[in-house]
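Enquirer: Can you keep this structure in mind? I'll have questions shortly.
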Amino acid sequence: VEAGKGIVTDFRGLRCDDDVDYTHSLYVDQWDWEKVIKIEDRNVETLQSTVKNVYKSVYDTHLQVCEKYGMTVFLPKDITFLSTDDLLKKYPDASPKERENIICKEHGAVFLMGIGGWKADGELRHDGRAPDYDDWTTPRPDGGTGVNGDLLVWNPLFECSFELSSMGIRVSPEILLKQLDLCNCPERKDFTWHRMLLDGTFPQTIGGGIGQSRVCQFMLQCAHIGEVQHGWYNPEEVEYLKEKNIRLLGLGEFSEDPMAASVHPGAKLQEYAKEHEHVRAVAP
């Protein structure tokens with residue numbers, strides 16, 4: 001594949017070891033994509049221009065959904081770029097999730113750069129990343145490290161940050177070896193994929209994943225991911241949600257169009273949030 005082009009997969013998988021809650025399911029559906037880039041394009045400018053393109057699609061979809069269902073537009077037109085390094089300095093006593101909540105509530109949509117790696121005290125800088133996936137060690141012009149990150153938005157229904165996508169420039173041969181050493185797993189360099197990257201068989205790429213059900217849940221402002229996909233549910237939770245008139249798909253209890261039976265009836269967002277304030281009791 002030539003530079004500037006790539007592949008997109010319509011991924012469906014089961015992650016049976018994952019924790020299940022109101023935004024996570026054992027059934028995972030997402031668009032995974034990889035785009036070939038030139039070696040000289042391994043920089044922040046490439047990362048940010050790609051993020052802007054992805055966010056524009058999110059924003060344009062948000063506008064259409066709001067118009068169709070009579071919702072109030074709440075996403076900003078432009079995304080804000082921040083880094084985990086800056087947030088650590090600004091909010092040293094806050095947890096990673098608390099820092100995300102602060103910036104998303106302030107800006108509405110944020111791309112948080114530099115996910116992966118450790119602080120000087122040995123704790124994670126923000127969140128973990130595999131050593132053989134994103135590049136979280138390349139220095140940036142702002143003084144931080146990492147040409148990867150998470151696309152986060154403010155979810156007014158949950159009143160917290162909400163991740164829509166994770167993406168980044170992938171490891172180069174040099175960065176792969178460096179990050180394997182940092183994670184004390186240099187033996188991975190002998191694995192098939194790793195050997196093919198190291199010997200130049202594989203190109204340099206930028207890529208990411210966009211959760212399909214996650215995006216649908218956010219766009220429709222649903223209280224539970226089970227309102228937009230068929231998954232596995234805790235029976236006790238199902239009964240509680242039924243009492244609150246939140247109907248999960250895949251239980252075989254209704255045959256009408258799932259969209260017509262959506263928990264979101266087309267009311268304005270403020271009215272919907274007020275009617276479903278109980279969701280904060282469900283969400284740990």
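Labeling convention for the structure tokens: chains A, B, ... as they appear, residues from 1 per chain, ligands from 1 in order of appearance.
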Need the shell around stretch 11-18 of chain A: protein/DNA/RNA residues with any atom at most 6 Å away, counting only C-alpha atoms. Skip same-chain ones fewer than 2 positions apart. Format as a PyMOL selection string?

Expert: chain A and resi 9+26-31

Enquirer: Contacts of A:Val65 at 12 Å or less, counting only C-alpha atoms, minus same-chain residues fewer than 2 places along, as a VMD selection string?

Expert: chain A and resid 58 to 63 67 to 75 215 to 221 264 266 268 to 269

Enquirer: Go through A:Trp136, A:Trp193, A:Tyr240, A:Phe111 and flag the residue nearest A:Tyr55, using only C-alpha atoms for the distances.

Expert: A:Phe111

Enquirer: Tell me which of A:Asp199, A:Gln212, A:Arg247, A:Gly4 sits closest to A:Thr46, counting only C-alpha atoms.

Expert: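 Looking at the shortest contact to A:Thr46, the residue is A:Gly4.
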